[in-house]
Amino acid sequence: MRQTVQKIMSRYMLLLVAPILAACASPSVPDQYYLLSPLVQPVPASASASVIGVGPVTIPSYLDRSTIITRSAANRPEVNSGYRWAEPLGENINRVVMDNLDRVGVASRLEVFPWNSRDQVKWQVVVDIDRFERQADGKVMLTARWKLVDFERGGIVRAAKYNKTSTPNEATIEGTVIAMSSLLADLSSEIAGQIP
């Protein structure tokens, strides 16, 4: 009787341990890392360009993670394990918007939020992103609200909502990231066109 119980227990333990051993033995695929990039073509800044402060830039908390999020349905975000942002997404967006504005030539200098009075910021660009991921139909959507603030006088000079989609060249994460960069370039150009 005791030997029968031991045999059953041994088989039971083997059934529990076998999947773990199999998982450990299979080769793991390394994570792939991605960054958004500036896509605006550079032009020289005009002599009358001002100091522009960028930020804060906010993103929804569901996007504020290291893994890249896409949607498989309208109400179902998908976490793409193995595909990660190389830096926090909010910081990456902020940096790319700054790079794009710098390339447009509307700023003599750019400052990152928060800045101090010695930085002589004239215009502040604030961006609140509501959606920024590939949708179930394969298109990438960027929905954001932005405003341009006269930082010296205090007050909103321009405010608008941005809502556009871009179709990636290929249905991969890399294609998605390139389409996201394209939308950020378009948003940056729209904002730059409103800076006096």
# chains A, B, ... in the order shown; residues from 1 in each chain; ligands from 1
>>> residues_around(residues="Ser182 in chain A", least_positions_apart="2", cutoff="9 Å", atoms="only C-alpha atoms", output="ChimeraX atom specification")
/A:37-40,166,177-180,184-187
>>> residues_around(residues="Asp119 in chain A", least_positions_apart="2", cutoff="12 Å", atoms="only C-alpha atoms", output="mmCIF file with N, CA and C atoms, in the first residue's frame")
data_model
loop_
_atom_site.group_PDB
_atom_site.id
_atom_site.type_symbol
_atom_site.label_atom_id
_atom_site.label_comp_id
_atom_site.auth_asym_id
_atom_site.auth_seq_id
_atom_site.Cartn_x
_atom_site.Cartn_y
_atom_site.Cartn_z
ATOM 1 N N SER A 50 11.805 82.103 -31.126
ATOM 2 C CA SER A 50 11.780 82.281 -29.675
ATOM 3 C C SER A 50 12.229 81.014 -28.960
ATOM 4 N N VAL A 51 12.352 81.133 -27.645
ATOM 5 C CA VAL A 51 12.638 79.968 -26.808
ATOM 6 C C VAL A 51 11.311 79.265 -26.541
ATOM 7 N N ILE A 52 11.257 77.981 -26.834
ATOM 8 C CA ILE A 52 10.019 77.209 -26.671
ATOM 9 C C ILE A 52 10.239 76.128 -25.624
ATOM 10 N N GLY A 53 9.298 76.026 -24.706
ATOM 11 C CA GLY A 53 9.311 74.968 -23.707
ATOM 12 C C GLY A 53 8.306 73.899 -24.098
ATOM 13 N N SER A 108 14.584 79.185 -31.262
ATOM 14 C CA SER A 108 16.015 79.477 -31.148
ATOM 15 C C SER A 108 16.646 78.505 -30.158
ATOM 16 N N ARG A 109 15.812 78.032 -29.213
ATOM 17 C CA ARG A 109 16.249 77.044 -28.226
ATOM 18 C C ARG A 109 15.018 76.349 -27.674
ATOM 19 N N LEU A 110 15.184 75.104 -27.261
ATOM 20 C CA LEU A 110 14.072 74.352 -26.678
ATOM 21 C C LEU A 110 14.412 73.959 -25.253
ATOM 22 N N GLU A 111 13.414 73.996 -24.388
ATOM 23 C CA GLU A 111 13.583 73.601 -22.989
ATOM 24 C C GLU A 111 12.574 72.511 -22.656
ATOM 25 N N VAL A 112 12.982 71.599 -21.785
ATOM 26 C CA VAL A 112 12.110 70.511 -21.340
ATOM 27 C C VAL A 112 11.414 70.923 -20.057
ATOM 28 N N PHE A 113 10.118 70.667 -19.976
ATOM 29 C CA PHE A 113 9.351 70.932 -18.750
ATOM 30 C C PHE A 113 9.844 70.025 -17.631
ATOM 31 N N PRO A 114 10.008 70.493 -16.393
ATOM 32 C CA PRO A 114 9.841 71.883 -15.946
ATOM 33 C C PRO A 114 11.117 72.697 -16.148
ATOM 34 N N TRP A 115 10.957 73.979 -16.373
ATOM 35 C CA TRP A 115 12.096 74.877 -16.541
ATOM 36 C C TRP A 115 11.981 75.985 -15.504
ATOM 37 N N ASN A 116 12.962 76.869 -15.444
ATOM 38 C CA ASN A 116 12.884 77.987 -14.492
ATOM 39 C C ASN A 116 12.882 79.317 -15.243
ATOM 40 N N SER A 117 12.702 80.391 -14.523
ATOM 41 C CA SER A 117 12.541 81.717 -15.138
ATOM 42 C C SER A 117 13.780 82.139 -15.915
ATOM 43 N N VAL A 121 11.696 81.149 -21.418
ATOM 44 C CA VAL A 121 10.722 80.501 -22.288
ATOM 45 C C VAL A 121 9.635 81.492 -22.678
ATOM 46 N N LYS A 122 9.374 81.604 -23.980
ATOM 47 C CA LYS A 122 8.322 82.495 -24.498
ATOM 48 C C LYS A 122 7.032 81.716 -24.738
ATOM 49 N N TRP A 123 7.137 80.539 -25.403
ATOM 50 C CA TRP A 123 5.970 79.731 -25.731
ATOM 51 C C TRP A 123 6.092 78.367 -25.072
ATOM 52 N N GLN A 124 4.977 77.890 -24.543
ATOM 53 C CA GLN A 124 4.926 76.551 -23.947
ATOM 54 C C GLN A 124 3.975 75.681 -24.761
ATOM 55 N N PHE A 151 3.866 81.902 -22.385
ATOM 56 C CA PHE A 151 4.385 81.675 -21.041
ATOM 57 C C PHE A 151 4.735 82.979 -20.338
ATOM 58 N N GLU A 152 5.147 84.010 -21.089
ATOM 59 C CA GLU A 152 5.514 85.289 -20.480
ATOM 60 C C GLU A 152 4.290 86.020 -19.933
#
>>> closest_residue(among="A:Ala136, A:Val29, A:Ala107, A:Ala171", to="Ile195 in chain A", atoms="only C-alpha atoms")
A:Ala107
>>> select_by_dssp(residues="range 16-195 of chain A", states="strand (DSSP E)", output="short mmCIF file (atom, residue, chain, number, x, y, z; two decimals) with C-alpha atoms, in the first residue's frame")
data_model
loop_
_atom_site.label_atom_id
_atom_site.label_comp_id
_atom_site.auth_asym_id
_atom_site.auth_seq_id
_atom_site.Cartn_x
_atom_site.Cartn_y
_atom_site.Cartn_z
CA GLN A 32 13.14 43.51 -29.13
CA TYR A 33 13.36 47.21 -28.27
CA TYR A 34 11.94 50.15 -30.22
CA SER A 50 11.78 82.28 -29.67
CA VAL A 51 12.64 79.97 -26.81
CA ILE A 52 10.02 77.21 -26.67
CA GLY A 53 9.31 74.97 -23.71
CA VAL A 54 7.83 71.53 -24.40
CA GLY A 55 5.75 69.80 -21.78
CA PRO A 56 4.16 68.44 -19.91
CA VAL A 57 3.30 65.64 -22.34
CA THR A 58 0.85 63.14 -20.82
CA THR A 67 5.70 46.70 -23.52
CA ILE A 68 4.15 47.95 -26.76
CA ILE A 69 0.35 48.03 -26.73
CA THR A 70 -1.90 47.40 -29.74
CA ARG A 71 -5.64 46.73 -29.98
CA SER A 72 -7.22 43.49 -31.17
CA ALA A 73 -10.71 44.96 -30.69
CA ARG A 76 -9.35 45.06 -25.89
CA PRO A 77 -5.76 46.32 -25.64
CA GLU A 78 -3.11 43.68 -26.33
CA VAL A 79 0.22 43.60 -24.49
CA ASN A 80 2.86 42.51 -27.02
CA SER A 81 5.31 40.63 -24.81
CA GLY A 82 8.78 40.54 -26.30
CA TYR A 83 8.28 43.95 -27.97
CA ARG A 84 9.33 46.78 -25.67
CA TRP A 85 9.95 50.51 -25.64
CA ALA A 107 12.72 77.80 -31.92
CA SER A 108 16.01 79.48 -31.15
CA ARG A 109 16.25 77.04 -28.23
CA LEU A 110 14.07 74.35 -26.68
CA GLU A 111 13.58 73.60 -22.99
CA VAL A 112 12.11 70.51 -21.34
CA TRP A 123 5.97 79.73 -25.73
CA GLN A 124 4.93 76.55 -23.95
CA VAL A 125 3.62 73.52 -25.85
CA VAL A 126 1.40 71.19 -23.77
CA VAL A 127 0.26 67.85 -25.22
CA ASP A 128 -2.28 65.42 -23.72
CA ILE A 129 -2.45 62.15 -25.64
CA ASP A 130 -5.68 60.14 -25.41
CA ARG A 131 -4.92 57.26 -27.83
CA PHE A 132 -1.72 56.25 -29.56
CA GLU A 133 -1.57 52.65 -30.76
CA ARG A 134 -2.32 50.32 -33.69
CA VAL A 140 -2.28 53.51 -36.15
CA MET A 141 -4.33 56.20 -34.40
CA LEU A 142 -3.12 59.31 -32.60
CA THR A 143 -5.73 61.29 -30.71
CA ALA A 144 -4.38 64.21 -28.70
CA ARG A 145 -5.25 67.64 -27.35
CA TRP A 146 -2.58 70.30 -27.51
CA LYS A 147 -2.29 73.93 -26.53
CA LEU A 148 0.16 76.75 -27.07
CA VAL A 149 0.62 78.96 -24.03
CA ASP A 150 2.16 82.45 -24.00
CA ILE A 156 -3.60 80.01 -23.97
CA VAL A 157 -2.98 81.39 -27.46
CA ARG A 158 -4.05 78.32 -29.45
CA ALA A 159 -5.71 75.03 -28.56
CA ALA A 160 -6.78 72.19 -30.83
CA LYS A 161 -7.60 68.51 -31.00
CA TYR A 162 -5.55 66.23 -33.24
CA ASN A 163 -7.15 63.00 -34.47
CA LYS A 164 -5.54 61.19 -37.41
CA THR A 165 -4.63 57.69 -38.50
CA SER A 166 -1.73 56.30 -40.50
#
>>> closest_residue(among="A:Arg153, A:Val104, A:Thr167, A:Ser46", to="Ile191 in chain A", atoms="only C-alpha atoms")
A:Val104
>>> residues_around(residues="Pro88 in chain A", least_positions_apart="5", cutoff="10 Å", atoms="only C-alpha atoms", output="list in words")
Leu35, Leu63, Asp64, Arg65, Ser66, Thr67 and Ile93 of chain A
>>> write_last_selection(atoms="N, CA and C atoms", output="PDB file, in the first residue's frame")
ATOM      1  N   LEU A  35      12.171  52.533 -30.531  1.00  0.00           N
ATOM      2  CA  LEU A  35      12.084  53.956 -30.193  1.00  0.00           C
ATOM      3  C   LEU A  35      11.332  54.687 -31.298  1.00  0.00           C
ATOM      4  N   LEU A  63      -0.970  52.980 -21.613  1.00  0.00           N
ATOM      5  CA  LEU A  63       0.177  53.021 -22.515  1.00  0.00           C
ATOM      6  C   LEU A  63       1.493  53.198 -21.769  1.00  0.00           C
ATOM      7  N   ASP A  64       1.400  53.578 -20.500  1.00  0.00           N
ATOM      8  CA  ASP A  64       2.588  53.890 -19.703  1.00  0.00           C
ATOM      9  C   ASP A  64       3.203  52.609 -19.140  1.00  0.00           C
ATOM     10  N   ARG A  65       3.765  51.815 -20.021  1.00  0.00           N
ATOM     11  CA  ARG A  65       4.389  50.551 -19.646  1.00  0.00           C
ATOM     12  C   ARG A  65       5.520  50.281 -20.617  1.00  0.00           C
ATOM     13  N   SER A  66       6.374  49.328 -20.287  1.00  0.00           N
ATOM     14  CA  SER A  66       7.530  49.071 -21.148  1.00  0.00           C
ATOM     15  C   SER A  66       7.163  48.269 -22.397  1.00  0.00           C
ATOM     16  N   THR A  67       6.089  47.487 -22.349  1.00  0.00           N
ATOM     17  CA  THR A  67       5.702  46.697 -23.523  1.00  0.00           C
ATOM     18  C   THR A  67       4.824  47.526 -24.462  1.00  0.00           C
ATOM     19  N   ILE A  93       8.055  60.316 -26.467  1.00  0.00           N
ATOM     20  CA  ILE A  93       7.180  61.232 -27.210  1.00  0.00           C
ATOM     21  C   ILE A  93       7.636  62.669 -27.014  1.00  0.00           C
TER      22      ILE A  93
END
>>> atom_distance(atom1="CA of Pro44 in chain A", atom2="CA of Ser181 in chain A")
21.6 Å
>>> closest_residue(among="A:Ala47, A:Ala86, A:Leu36, A:Ala74", to="Thr176 in chain A", atoms="only C-alpha atoms")
A:Leu36
>>> closest_residue(among="A:Gly154, A:Val106, A:Ser48, A:Asn75", to="Gly193 in chain A", atoms="only C-alpha atoms")
A:Val106
>>> decode(residues="range 88-133 of chain A", atoms="C-alpha atoms", output="mmCIF file, in the first residue's frame")
data_model
loop_
_atom_site.group_PDB
_atom_site.id
_atom_site.type_symbol
_atom_site.label_atom_id
_atom_site.label_comp_id
_atom_site.auth_asym_id
_atom_site.auth_seq_id
_atom_site.Cartn_x
_atom_site.Cartn_y
_atom_site.Cartn_z
ATOM 1 C CA PRO A 88 9.432 55.269 -21.142
ATOM 2 C CA LEU A 89 6.924 56.127 -23.883
ATOM 3 C CA GLY A 90 6.004 59.544 -22.427
ATOM 4 C CA GLU A 91 9.660 60.601 -22.364
ATOM 5 C CA ASN A 92 10.195 59.280 -25.895
ATOM 6 C CA ILE A 93 7.180 61.232 -27.210
ATOM 7 C CA ASN A 94 8.357 64.414 -25.450
ATOM 8 C CA ARG A 95 11.861 64.085 -26.918
ATOM 9 C CA VAL A 96 10.572 63.388 -30.452
ATOM 10 C CA VAL A 97 8.180 66.366 -30.364
ATOM 11 C CA MET A 98 11.106 68.548 -29.250
ATOM 12 C CA ASP A 99 13.346 67.174 -32.015
ATOM 13 C CA ASN A 100 10.623 67.733 -34.610
ATOM 14 C CA LEU A 101 10.020 71.328 -33.450
ATOM 15 C CA ASP A 102 13.764 71.945 -33.504
ATOM 16 C CA ARG A 103 13.955 70.669 -37.094
ATOM 17 C CA VAL A 104 11.076 72.917 -38.200
ATOM 18 C CA GLY A 105 13.145 75.964 -37.212
ATOM 19 C CA VAL A 106 10.544 77.730 -35.041
ATOM 20 C CA ALA A 107 12.724 77.795 -31.924
ATOM 21 C CA SER A 108 16.015 79.477 -31.148
ATOM 22 C CA ARG A 109 16.249 77.044 -28.226
ATOM 23 C CA LEU A 110 14.072 74.352 -26.678
ATOM 24 C CA GLU A 111 13.583 73.601 -22.989
ATOM 25 C CA VAL A 112 12.110 70.511 -21.340
ATOM 26 C CA PHE A 113 9.351 70.932 -18.750
ATOM 27 C CA PRO A 114 9.841 71.883 -15.946
ATOM 28 C CA TRP A 115 12.096 74.877 -16.541
ATOM 29 C CA ASN A 116 12.884 77.987 -14.492
ATOM 30 C CA SER A 117 12.541 81.717 -15.138
ATOM 31 C CA ARG A 118 16.179 82.002 -16.253
ATOM 32 C CA ASP A 119 15.421 79.803 -19.268
ATOM 33 C CA GLN A 120 13.465 82.706 -20.872
ATOM 34 C CA VAL A 121 10.722 80.501 -22.288
ATOM 35 C CA LYS A 122 8.322 82.495 -24.498
ATOM 36 C CA TRP A 123 5.970 79.731 -25.731
ATOM 37 C CA GLN A 124 4.926 76.551 -23.947
ATOM 38 C CA VAL A 125 3.618 73.521 -25.845
ATOM 39 C CA VAL A 126 1.402 71.194 -23.773
ATOM 40 C CA VAL A 127 0.256 67.852 -25.219
ATOM 41 C CA ASP A 128 -2.281 65.423 -23.719
ATOM 42 C CA ILE A 129 -2.448 62.149 -25.640
ATOM 43 C CA ASP A 130 -5.680 60.139 -25.406
ATOM 44 C CA ARG A 131 -4.918 57.264 -27.833
ATOM 45 C CA PHE A 132 -1.718 56.247 -29.559
ATOM 46 C CA GLU A 133 -1.570 52.646 -30.761
#
